[in-house]
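**Student:** Contents of work.txt (compact mmCIF, N, CA and C atoms):
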# COMPACT_ATOMS: atom_id res chain seq x y z
N MET D 1 0.82 -1.19 0.00
CA MET D 1 0.00 0.00 0.00
C MET D 1 0.88 1.26 0.00
N ARG D 2 1.94 1.25 0.76
CA ARG D 2 2.82 2.41 0.85
C ARG D 2 3.48 2.71 -0.49
N GLY D 3 3.86 1.70 -1.26
CA GLY D 3 4.46 1.87 -2.57
C GLY D 3 3.49 2.52 -3.55
N TRP D 4 2.21 2.13 -3.47
CA TRP D 4 1.20 2.73 -4.34
C TRP D 4 1.07 4.22 -4.05
N TRP D 5 1.03 4.61 -2.80
CA TRP D 5 0.90 6.01 -2.38
C TRP D 5 2.09 6.83 -2.88
N LEU D 6 3.29 6.30 -2.76
CA LEU D 6 4.48 6.99 -3.23
C LEU D 6 4.46 7.14 -4.75
N ALA D 7 4.06 6.10 -5.47
CA ALA D 7 3.96 6.17 -6.93
C ALA D 7 2.93 7.22 -7.35
N TRP D 8 1.81 7.30 -6.64
CA TRP D 8 0.78 8.29 -6.95
C TRP D 8 1.32 9.70 -6.74
N LEU D 9 2.04 9.93 -5.66
CA LEU D 9 2.63 11.26 -5.40
C LEU D 9 3.63 11.65 -6.49
N VAL D 10 4.42 10.70 -6.92
CA VAL D 10 5.40 10.97 -7.98
C VAL D 10 4.67 11.33 -9.27
N LEU D 11 3.62 10.60 -9.62
CA LEU D 11 2.86 10.90 -10.84
C LEU D 11 2.19 12.26 -10.76
N VAL D 12 1.61 12.61 -9.64
CA VAL D 12 0.96 13.92 -9.48
C VAL D 12 2.00 15.03 -9.59
N ALA D 13 3.14 14.86 -8.95
CA ALA D 13 4.20 15.87 -9.02
C ALA D 13 4.70 16.02 -10.45
N ALA D 14 4.86 14.92 -11.17
CA ALA D 14 5.33 14.98 -12.56
C ALA D 14 4.31 15.68 -13.44
N ALA D 15 3.02 15.39 -13.24
CA ALA D 15 1.98 16.04 -14.03
C ALA D 15 1.94 17.54 -13.76
N ALA D 16 2.11 17.92 -12.52
CA ALA D 16 2.10 19.35 -12.18
C ALA D 16 3.29 20.07 -12.81
N GLN D 17 4.42 19.41 -12.88
CA GLN D 17 5.61 20.01 -13.48
C GLN D 17 5.51 20.04 -15.00
N ALA D 18 4.80 19.10 -15.61
CA ALA D 18 4.74 18.99 -17.06
C ALA D 18 3.89 20.10 -17.68
N ARG D 19 2.88 20.57 -16.98
CA ARG D 19 2.00 21.60 -17.53
C ARG D 19 2.47 22.98 -17.11
N PRO D 20 2.68 23.88 -18.06
CA PRO D 20 3.07 25.24 -17.67
C PRO D 20 1.93 25.93 -16.94
N ARG D 21 2.27 26.75 -16.00
CA ARG D 21 1.27 27.53 -15.26
C ARG D 21 1.47 28.99 -15.63
N PHE D 22 0.39 29.71 -15.76
CA PHE D 22 0.44 31.10 -16.16
C PHE D 22 -0.20 31.96 -15.09
N ASP D 23 0.33 33.17 -14.96
CA ASP D 23 -0.23 34.11 -13.99
C ASP D 23 -1.52 34.74 -14.51
N VAL D 24 -1.64 34.87 -15.83
CA VAL D 24 -2.80 35.51 -16.45
C VAL D 24 -3.17 34.73 -17.71
N ILE D 25 -4.45 34.63 -18.00
CA ILE D 25 -4.91 34.09 -19.27
C ILE D 25 -5.62 35.22 -19.99
N ASP D 26 -5.11 35.58 -21.16
CA ASP D 26 -5.67 36.67 -21.96
C ASP D 26 -6.47 36.06 -23.10
N VAL D 27 -7.77 36.23 -23.08
CA VAL D 27 -8.62 35.64 -24.11
C VAL D 27 -9.02 36.66 -25.18
N HIS D 28 -8.33 37.77 -25.25
CA HIS D 28 -8.63 38.80 -26.26
C HIS D 28 -7.31 39.31 -26.84
N PHE D 29 -6.57 38.43 -27.49
CA PHE D 29 -5.28 38.75 -28.06
C PHE D 29 -5.39 38.71 -29.57
N HIS D 30 -5.07 39.81 -30.24
CA HIS D 30 -5.20 39.90 -31.69
C HIS D 30 -3.91 39.45 -32.37
N ALA D 31 -4.02 38.48 -33.25
CA ALA D 31 -2.91 38.07 -34.11
C ALA D 31 -3.23 38.64 -35.49
N ASP D 32 -2.70 39.81 -35.77
CA ASP D 32 -3.03 40.51 -37.01
C ASP D 32 -1.78 40.92 -37.76
N LEU D 33 -1.99 41.31 -39.00
CA LEU D 33 -0.94 41.91 -39.82
C LEU D 33 -1.02 43.42 -39.65
N PRO D 34 0.05 44.14 -39.92
CA PRO D 34 0.05 45.59 -39.69
C PRO D 34 -1.04 46.35 -40.45
N ASP D 35 -1.50 45.83 -41.57
CA ASP D 35 -2.52 46.55 -42.34
C ASP D 35 -3.92 45.96 -42.16
N ALA D 36 -4.14 45.17 -41.12
CA ALA D 36 -5.44 44.52 -40.91
C ALA D 36 -6.56 45.51 -40.64
N GLU D 37 -6.26 46.64 -40.07
CA GLU D 37 -7.28 47.64 -39.73
C GLU D 37 -7.11 48.90 -40.55
N GLY D 38 -6.60 48.80 -41.76
CA GLY D 38 -6.33 49.96 -42.60
C GLY D 38 -4.85 50.02 -42.89
N GLY D 39 -4.34 51.18 -43.22
CA GLY D 39 -2.92 51.33 -43.52
C GLY D 39 -2.04 51.03 -42.32
N SER D 40 -0.84 50.54 -42.59
CA SER D 40 0.08 50.24 -41.49
C SER D 40 0.76 51.52 -41.01
N GLY D 41 1.33 51.46 -39.82
CA GLY D 41 2.06 52.60 -39.26
C GLY D 41 1.17 53.66 -38.66
N GLY D 42 -0.03 53.28 -38.22
CA GLY D 42 -0.94 54.23 -37.60
C GLY D 42 -0.41 54.74 -36.27
N HIS D 43 -1.05 55.75 -35.74
CA HIS D 43 -0.64 56.37 -34.48
C HIS D 43 -1.80 56.34 -33.50
N ILE D 44 -1.43 56.40 -32.23
CA ILE D 44 -2.44 56.49 -31.18
C ILE D 44 -1.78 57.14 -29.97
N CYS D 45 -2.56 57.84 -29.21
CA CYS D 45 -2.06 58.46 -27.98
C CYS D 45 -2.19 57.46 -26.83
N ALA D 46 -1.26 57.52 -25.91
CA ALA D 46 -1.32 56.64 -24.75
C ALA D 46 -0.79 57.37 -23.53
N PRO D 47 -1.63 57.88 -22.70
CA PRO D 47 -3.08 58.00 -22.85
C PRO D 47 -3.43 59.26 -23.65
N TYR D 48 -4.70 59.36 -24.06
CA TYR D 48 -5.16 60.58 -24.70
C TYR D 48 -5.27 61.67 -23.65
N ASP D 49 -4.78 62.86 -23.98
CA ASP D 49 -4.93 63.99 -23.06
C ASP D 49 -6.39 64.41 -22.99
N ASP D 50 -7.05 64.44 -24.12
CA ASP D 50 -8.47 64.78 -24.22
C ASP D 50 -9.10 63.82 -25.21
N TRP D 51 -10.29 63.36 -24.90
CA TRP D 51 -11.00 62.48 -25.82
C TRP D 51 -12.13 63.28 -26.44
N ALA D 52 -11.99 63.58 -27.71
CA ALA D 52 -13.00 64.37 -28.40
C ALA D 52 -14.18 63.48 -28.79
N PRO D 53 -15.38 63.92 -28.48
CA PRO D 53 -16.53 63.14 -28.96
C PRO D 53 -16.66 63.27 -30.47
N ARG D 54 -17.19 62.24 -31.08
CA ARG D 54 -17.38 62.27 -32.53
C ARG D 54 -18.65 63.04 -32.85
N ASP D 55 -18.53 63.98 -33.77
CA ASP D 55 -19.67 64.74 -34.25
C ASP D 55 -20.39 63.90 -35.30
N PRO D 56 -21.60 63.42 -35.03
CA PRO D 56 -22.28 62.56 -36.00
C PRO D 56 -22.60 63.27 -37.31
N ALA D 57 -22.59 64.62 -37.31
CA ALA D 57 -22.86 65.35 -38.55
C ALA D 57 -21.62 65.45 -39.44
N ALA D 58 -20.44 65.21 -38.86
CA ALA D 58 -19.19 65.31 -39.62
C ALA D 58 -18.84 63.96 -40.22
N PRO D 59 -18.10 63.93 -41.30
CA PRO D 59 -17.69 62.64 -41.90
C PRO D 59 -16.83 61.83 -40.91
N ILE D 60 -17.02 60.53 -40.92
CA ILE D 60 -16.25 59.64 -40.03
C ILE D 60 -14.76 59.78 -40.28
N GLU D 61 -14.36 60.08 -41.51
CA GLU D 61 -12.94 60.22 -41.84
C GLU D 61 -12.27 61.31 -41.00
N ARG D 62 -12.99 62.37 -40.69
CA ARG D 62 -12.43 63.45 -39.87
C ARG D 62 -12.08 62.94 -38.47
N TYR D 63 -12.98 62.15 -37.91
CA TYR D 63 -12.75 61.58 -36.58
C TYR D 63 -11.60 60.58 -36.61
N LEU D 64 -11.59 59.72 -37.62
CA LEU D 64 -10.52 58.72 -37.73
C LEU D 64 -9.16 59.38 -37.95
N ASP D 65 -9.15 60.48 -38.70
CA ASP D 65 -7.91 61.22 -38.90
C ASP D 65 -7.38 61.71 -37.56
N TRP D 66 -8.26 62.26 -36.72
CA TRP D 66 -7.84 62.74 -35.40
C TRP D 66 -7.43 61.56 -34.50
N PHE D 67 -8.16 60.46 -34.61
CA PHE D 67 -7.96 59.33 -33.72
C PHE D 67 -6.68 58.54 -34.00
N THR D 68 -6.36 58.28 -35.29
CA THR D 68 -5.21 57.42 -35.59
C THR D 68 -4.18 57.98 -36.56
N LEU D 69 -4.55 58.91 -37.41
CA LEU D 69 -3.58 59.39 -38.40
C LEU D 69 -2.78 60.58 -37.89
N HIS D 70 -3.46 61.53 -37.28
CA HIS D 70 -2.79 62.76 -36.82
C HIS D 70 -3.24 63.15 -35.42
N PRO D 71 -3.10 62.26 -34.45
CA PRO D 71 -3.52 62.62 -33.09
C PRO D 71 -2.56 63.65 -32.49
N SER D 72 -3.08 64.46 -31.62
CA SER D 72 -2.27 65.49 -30.96
C SER D 72 -2.20 65.14 -29.47
N CYS D 73 -1.01 64.73 -29.04
CA CYS D 73 -0.87 64.35 -27.64
C CYS D 73 0.60 64.37 -27.24
N ARG D 74 0.84 64.25 -25.94
CA ARG D 74 2.22 64.24 -25.43
C ARG D 74 2.90 62.90 -25.62
N HIS D 75 2.16 61.80 -25.60
CA HIS D 75 2.72 60.45 -25.67
C HIS D 75 2.15 59.72 -26.88
N LEU D 76 2.85 59.81 -27.99
CA LEU D 76 2.38 59.23 -29.24
C LEU D 76 3.05 57.88 -29.48
N LEU D 77 2.25 56.87 -29.77
CA LEU D 77 2.76 55.55 -30.13
C LEU D 77 2.52 55.34 -31.62
N THR D 78 3.48 54.74 -32.30
CA THR D 78 3.36 54.44 -33.73
C THR D 78 3.38 52.93 -33.90
N ALA D 79 2.41 52.41 -34.64
CA ALA D 79 2.29 50.98 -34.86
C ALA D 79 3.41 50.47 -35.76
N PRO D 80 3.88 49.25 -35.53
CA PRO D 80 4.88 48.65 -36.43
C PRO D 80 4.35 48.54 -37.85
N THR D 81 5.26 48.58 -38.81
CA THR D 81 4.87 48.48 -40.22
C THR D 81 5.21 47.12 -40.83
N TYR D 82 5.96 46.28 -40.13
CA TYR D 82 6.34 44.97 -40.64
C TYR D 82 5.69 43.88 -39.80
N ALA D 83 5.20 42.83 -40.46
CA ALA D 83 4.48 41.75 -39.78
C ALA D 83 5.31 41.10 -38.67
N ALA D 84 6.58 40.80 -38.93
CA ALA D 84 7.43 40.16 -37.91
C ALA D 84 7.65 41.08 -36.72
N GLU D 85 7.80 42.37 -36.98
CA GLU D 85 7.99 43.33 -35.89
C GLU D 85 6.73 43.40 -35.03
N LEU D 86 5.56 43.46 -35.65
CA LEU D 86 4.29 43.50 -34.91
C LEU D 86 4.12 42.22 -34.10
N ARG D 87 4.38 41.07 -34.73
CA ARG D 87 4.26 39.78 -34.04
C ARG D 87 5.20 39.71 -32.84
N ASP D 88 6.48 40.00 -33.06
CA ASP D 88 7.47 39.88 -31.99
C ASP D 88 7.19 40.86 -30.86
N HIS D 89 6.78 42.07 -31.21
CA HIS D 89 6.43 43.06 -30.18
C HIS D 89 5.20 42.59 -29.41
N GLY D 90 4.20 42.07 -30.15
CA GLY D 90 2.98 41.61 -29.50
C GLY D 90 3.20 40.41 -28.59
N LEU D 91 4.14 39.54 -28.94
CA LEU D 91 4.41 38.36 -28.13
C LEU D 91 5.34 38.64 -26.96
N SER D 92 6.06 39.75 -26.98
CA SER D 92 7.04 40.02 -25.93
C SER D 92 6.38 40.26 -24.57
N ALA D 93 5.29 40.99 -24.53
CA ALA D 93 4.64 41.27 -23.24
C ALA D 93 4.08 40.02 -22.58
N PRO D 94 3.36 39.15 -23.32
CA PRO D 94 2.91 37.91 -22.67
C PRO D 94 4.06 37.04 -22.16
N ARG D 95 5.14 36.96 -22.93
CA ARG D 95 6.30 36.18 -22.46
C ARG D 95 6.87 36.78 -21.18
N ARG D 96 7.06 38.07 -21.19
CA ARG D 96 7.68 38.77 -20.06
C ARG D 96 6.82 38.68 -18.79
N ASN D 97 5.50 38.67 -18.97
CA ASN D 97 4.59 38.70 -17.82
C ASN D 97 3.91 37.37 -17.53
N HIS D 98 4.39 36.31 -18.17
CA HIS D 98 3.90 34.95 -17.94
C HIS D 98 2.39 34.86 -18.18
N VAL D 99 1.99 35.27 -19.39
CA VAL D 99 0.59 35.29 -19.80
C VAL D 99 0.35 34.24 -20.88
N LEU D 100 -0.71 33.48 -20.73
CA LEU D 100 -1.17 32.58 -21.79
C LEU D 100 -2.15 33.39 -22.62
N ALA D 101 -1.84 33.62 -23.89
CA ALA D 101 -2.69 34.42 -24.77
C ALA D 101 -3.39 33.53 -25.77
N LEU D 102 -4.69 33.61 -25.81
CA LEU D 102 -5.49 32.87 -26.78
C LEU D 102 -5.78 33.82 -27.92
N ALA D 103 -5.12 33.60 -29.05
CA ALA D 103 -5.13 34.57 -30.15
C ALA D 103 -6.26 34.32 -31.12
N GLY D 104 -6.74 35.42 -31.69
CA GLY D 104 -7.73 35.38 -32.74
C GLY D 104 -7.21 36.15 -33.95
N GLY D 105 -7.63 35.75 -35.12
CA GLY D 105 -7.22 36.41 -36.35
C GLY D 105 -7.30 35.43 -37.51
N ARG D 106 -6.75 35.82 -38.65
CA ARG D 106 -6.69 34.90 -39.80
C ARG D 106 -5.90 33.66 -39.41
N ALA D 107 -6.33 32.51 -39.90
CA ALA D 107 -5.70 31.24 -39.51
C ALA D 107 -4.20 31.23 -39.78
N ALA D 108 -3.76 31.73 -40.91
CA ALA D 108 -2.33 31.72 -41.24
C ALA D 108 -1.54 32.62 -40.30
N THR D 109 -2.13 33.74 -39.91
CA THR D 109 -1.44 34.67 -39.00
C THR D 109 -1.38 34.09 -37.60
N VAL D 110 -2.47 33.50 -37.14
CA VAL D 110 -2.49 32.86 -35.81
C VAL D 110 -1.45 31.74 -35.78
N GLU D 111 -1.36 30.95 -36.84
CA GLU D 111 -0.38 29.87 -36.90
C GLU D 111 1.04 30.42 -36.84
N ASP D 112 1.31 31.53 -37.52
CA ASP D 112 2.62 32.16 -37.47
C ASP D 112 2.95 32.59 -36.04
N TYR D 113 2.00 33.17 -35.34
CA TYR D 113 2.19 33.56 -33.94
C TYR D 113 2.48 32.33 -33.09
N ARG D 114 1.70 31.24 -33.32
CA ARG D 114 1.86 30.03 -32.52
C ARG D 114 3.24 29.42 -32.73
N VAL D 115 3.71 29.41 -33.99
CA VAL D 115 5.03 28.86 -34.28
C VAL D 115 6.12 29.65 -33.53
N HIS D 116 5.94 30.95 -33.41
CA HIS D 116 6.93 31.79 -32.74
C HIS D 116 6.74 31.86 -31.22
N ALA D 117 5.64 31.31 -30.73
CA ALA D 117 5.40 31.25 -29.29
C ALA D 117 4.67 29.96 -28.97
N PRO D 118 5.34 28.82 -29.13
CA PRO D 118 4.66 27.53 -28.98
C PRO D 118 4.16 27.23 -27.58
N THR D 119 4.69 27.92 -26.58
CA THR D 119 4.21 27.64 -25.22
C THR D 119 3.22 28.67 -24.77
Is it possible to give me this structure as structure tokens?
**Tutor:**
Amino acid sequence: MRGWWLAWLVLVAAAAQARPRFDVIDVHFHADLPDAEGGSGGHICAPYDDWAPRDPAAPIERYLDWFTLHPSCRHLLTAPTYAAELRDHGLSAPRRNHVLALAGGRAATVEDYRVHAPT
């Protein structure tokens, strides 16, 4: 009986070690190409100093121009223009912070992300 108990403990310990554990599970991770939402190299403020409401009487292009093409802020971020750069940048934060990211996007792009981050 004692040998069975010891074997069970060894198996449980091995199973616990075999599966990676993550501090966070992110179920809203985009695996996209740089031009998936329009032209690549867009801009965004982080954070926005002021958030302007959209005027429904004005063309949507005016709002989008303010929002991503020519935002005015102190902290401007520019999106990567190359697919590998976007992928590697996007995967770096989950790796660094021990996050399991469940990615969504085109099948070929998701597969590319998975190949570069198999765990």
**Student:** Would you please give, as a short mmCIF file (atom, residue, chain, number, x, y, z; two decimals) with N, CA and C atoms, in the frame of the given file, all residues of chain D that DSSP assigns to alpha helix (DSSP H) based on the backbone?
**Tutor:**
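Saved result, result.cif, follows:
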data_model
loop_
_atom_site.label_atom_id
_atom_site.label_comp_id
_atom_site.auth_asym_id
_atom_site.auth_seq_id
_atom_site.Cartn_x
_atom_site.Cartn_y
_atom_site.Cartn_z
N ARG D 2 1.94 1.25 0.76
CA ARG D 2 2.82 2.41 0.85
C ARG D 2 3.48 2.71 -0.49
N GLY D 3 3.86 1.70 -1.26
CA GLY D 3 4.46 1.87 -2.57
C GLY D 3 3.49 2.52 -3.55
N TRP D 4 2.21 2.13 -3.47
CA TRP D 4 1.20 2.73 -4.34
C TRP D 4 1.07 4.22 -4.05
N TRP D 5 1.03 4.61 -2.80
CA TRP D 5 0.90 6.01 -2.38
C TRP D 5 2.09 6.83 -2.88
N LEU D 6 3.29 6.30 -2.76
CA LEU D 6 4.48 6.99 -3.23
C LEU D 6 4.46 7.14 -4.75
N ALA D 7 4.06 6.10 -5.47
CA ALA D 7 3.96 6.17 -6.93
C ALA D 7 2.93 7.22 -7.35
N TRP D 8 1.81 7.30 -6.64
CA TRP D 8 0.78 8.29 -6.95
C TRP D 8 1.32 9.70 -6.74
N LEU D 9 2.04 9.93 -5.66
CA LEU D 9 2.63 11.26 -5.40
C LEU D 9 3.63 11.65 -6.49
N VAL D 10 4.42 10.70 -6.92
CA VAL D 10 5.40 10.97 -7.98
C VAL D 10 4.67 11.33 -9.27
N LEU D 11 3.62 10.60 -9.62
CA LEU D 11 2.86 10.90 -10.84
C LEU D 11 2.19 12.26 -10.76
N VAL D 12 1.61 12.61 -9.64
CA VAL D 12 0.96 13.92 -9.48
C VAL D 12 2.00 15.03 -9.59
N ALA D 13 3.14 14.86 -8.95
CA ALA D 13 4.20 15.87 -9.02
C ALA D 13 4.70 16.02 -10.45
N ALA D 14 4.86 14.92 -11.17
CA ALA D 14 5.33 14.98 -12.56
C ALA D 14 4.31 15.68 -13.44
N ALA D 15 3.02 15.39 -13.24
CA ALA D 15 1.98 16.04 -14.03
C ALA D 15 1.94 17.54 -13.76
N ALA D 16 2.11 17.92 -12.52
CA ALA D 16 2.10 19.35 -12.18
C ALA D 16 3.29 20.07 -12.81
N GLN D 17 4.42 19.41 -12.88
CA GLN D 17 5.61 20.01 -13.48
C GLN D 17 5.51 20.04 -15.00
N ALA D 18 4.80 19.10 -15.61
CA ALA D 18 4.74 18.99 -17.06
C ALA D 18 3.89 20.10 -17.68
N ILE D 60 -17.02 60.53 -40.92
CA ILE D 60 -16.25 59.64 -40.03
C ILE D 60 -14.76 59.78 -40.28
N GLU D 61 -14.36 60.08 -41.51
CA GLU D 61 -12.94 60.22 -41.84
C GLU D 61 -12.27 61.31 -41.00
N ARG D 62 -12.99 62.37 -40.69
CA ARG D 62 -12.43 63.45 -39.87
C ARG D 62 -12.08 62.94 -38.47
N TYR D 63 -12.98 62.15 -37.91
CA TYR D 63 -12.75 61.58 -36.58
C TYR D 63 -11.60 60.58 -36.61
N LEU D 64 -11.59 59.72 -37.62
CA LEU D 64 -10.52 58.72 -37.73
C LEU D 64 -9.16 59.38 -37.95
N ALA D 83 5.20 42.83 -40.46
CA ALA D 83 4.48 41.75 -39.78
C ALA D 83 5.31 41.10 -38.67
N ALA D 84 6.58 40.80 -38.93
CA ALA D 84 7.43 40.16 -37.91
C ALA D 84 7.65 41.08 -36.72
N GLU D 85 7.80 42.37 -36.98
CA GLU D 85 7.99 43.33 -35.89
C GLU D 85 6.73 43.40 -35.03
N LEU D 86 5.56 43.46 -35.65
CA LEU D 86 4.29 43.50 -34.91
C LEU D 86 4.12 42.22 -34.10
N ARG D 87 4.38 41.07 -34.73
CA ARG D 87 4.26 39.78 -34.04
C ARG D 87 5.20 39.71 -32.84
N ASP D 88 6.48 40.00 -33.06
CA ASP D 88 7.47 39.88 -31.99
C ASP D 88 7.19 40.86 -30.86
N HIS D 89 6.78 42.07 -31.21
CA HIS D 89 6.43 43.06 -30.18
C HIS D 89 5.20 42.59 -29.41
N GLY D 90 4.20 42.07 -30.15
CA GLY D 90 2.98 41.61 -29.50
C GLY D 90 3.20 40.41 -28.59
N LEU D 91 4.14 39.54 -28.94
CA LEU D 91 4.41 38.36 -28.13
C LEU D 91 5.34 38.64 -26.96
N SER D 92 6.06 39.75 -26.98
CA SER D 92 7.04 40.02 -25.93
C SER D 92 6.38 40.26 -24.57
N ALA D 93 5.29 40.99 -24.53
CA ALA D 93 4.64 41.27 -23.24
C ALA D 93 4.08 40.02 -22.58
N PRO D 94 3.36 39.15 -23.32
CA PRO D 94 2.91 37.91 -22.67
C PRO D 94 4.06 37.04 -22.16
N ARG D 95 5.14 36.96 -22.93
CA ARG D 95 6.30 36.18 -22.46
C ARG D 95 6.87 36.78 -21.18
N ARG D 96 7.06 38.07 -21.19
CA ARG D 96 7.68 38.77 -20.06
C ARG D 96 6.82 38.68 -18.79
N ASN D 97 5.50 38.67 -18.97
CA ASN D 97 4.59 38.70 -17.82
C ASN D 97 3.91 37.37 -17.53
N ALA D 107 -6.33 32.51 -39.90
CA ALA D 107 -5.70 31.24 -39.51
C ALA D 107 -4.20 31.23 -39.78
N ALA D 108 -3.76 31.73 -40.91
CA ALA D 108 -2.33 31.72 -41.24
C ALA D 108 -1.54 32.62 -40.30
N THR D 109 -2.13 33.74 -39.91
CA THR D 109 -1.44 34.67 -39.00
C THR D 109 -1.38 34.09 -37.60
N VAL D 110 -2.47 33.50 -37.14
CA VAL D 110 -2.49 32.86 -35.81
C VAL D 110 -1.45 31.74 -35.78
N GLU D 111 -1.36 30.95 -36.84
CA GLU D 111 -0.38 29.87 -36.90
C GLU D 111 1.04 30.42 -36.84
N ASP D 112 1.31 31.53 -37.52
CA ASP D 112 2.62 32.16 -37.47
C ASP D 112 2.95 32.59 -36.04
N TYR D 113 2.00 33.17 -35.34
CA TYR D 113 2.19 33.56 -33.94
C TYR D 113 2.48 32.33 -33.09
N ARG D 114 1.70 31.24 -33.32
CA ARG D 114 1.86 30.03 -32.52
C ARG D 114 3.24 29.42 -32.73
N VAL D 115 3.71 29.41 -33.99
CA VAL D 115 5.03 28.86 -34.28
C VAL D 115 6.12 29.65 -33.53
N HIS D 116 5.94 30.95 -33.41
CA HIS D 116 6.93 31.79 -32.74
C HIS D 116 6.74 31.86 -31.22
#
**Student:** Between CA of Thr109 in chain D and CA of Ala46 in chain D, what is the distance, to one decimal in Å?
**Tutor:** 26.2 Å
**Student:** Write out as number ranges by chain each polymer residue whose atoms come within 6 Å of Val110 in chain D, counting only N, CA and C atoms; drop sequence neighbours fewer than 5 positions from it.
**Tutor:** D: 31, 105, 115
**Student:** Which residue out of D:Tyr113, D:Gly104, D:Pro118, D:Gly42 has the minimum interatomic distance to His28 in chain D when only N, CA and C atoms are used?
**Tutor:**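 Smallest distance to His28 in chain D is found for D:Gly104.
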**Student:** So how far away is CA of His116 in chain D from CA of Leu86 in chain D, in Å?
**Tutor:**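 CA of His116 in chain D lies at a distance of 12.2 Å from CA of Leu86 in chain D.
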**Student:** Taking all atoms listed in the file into account, name the residue in D:Ala36, D:Ile44, D:Ala108, D:Leu100 that is nearest to Leu69 in chain D.
**Tutor:** D:Ile44
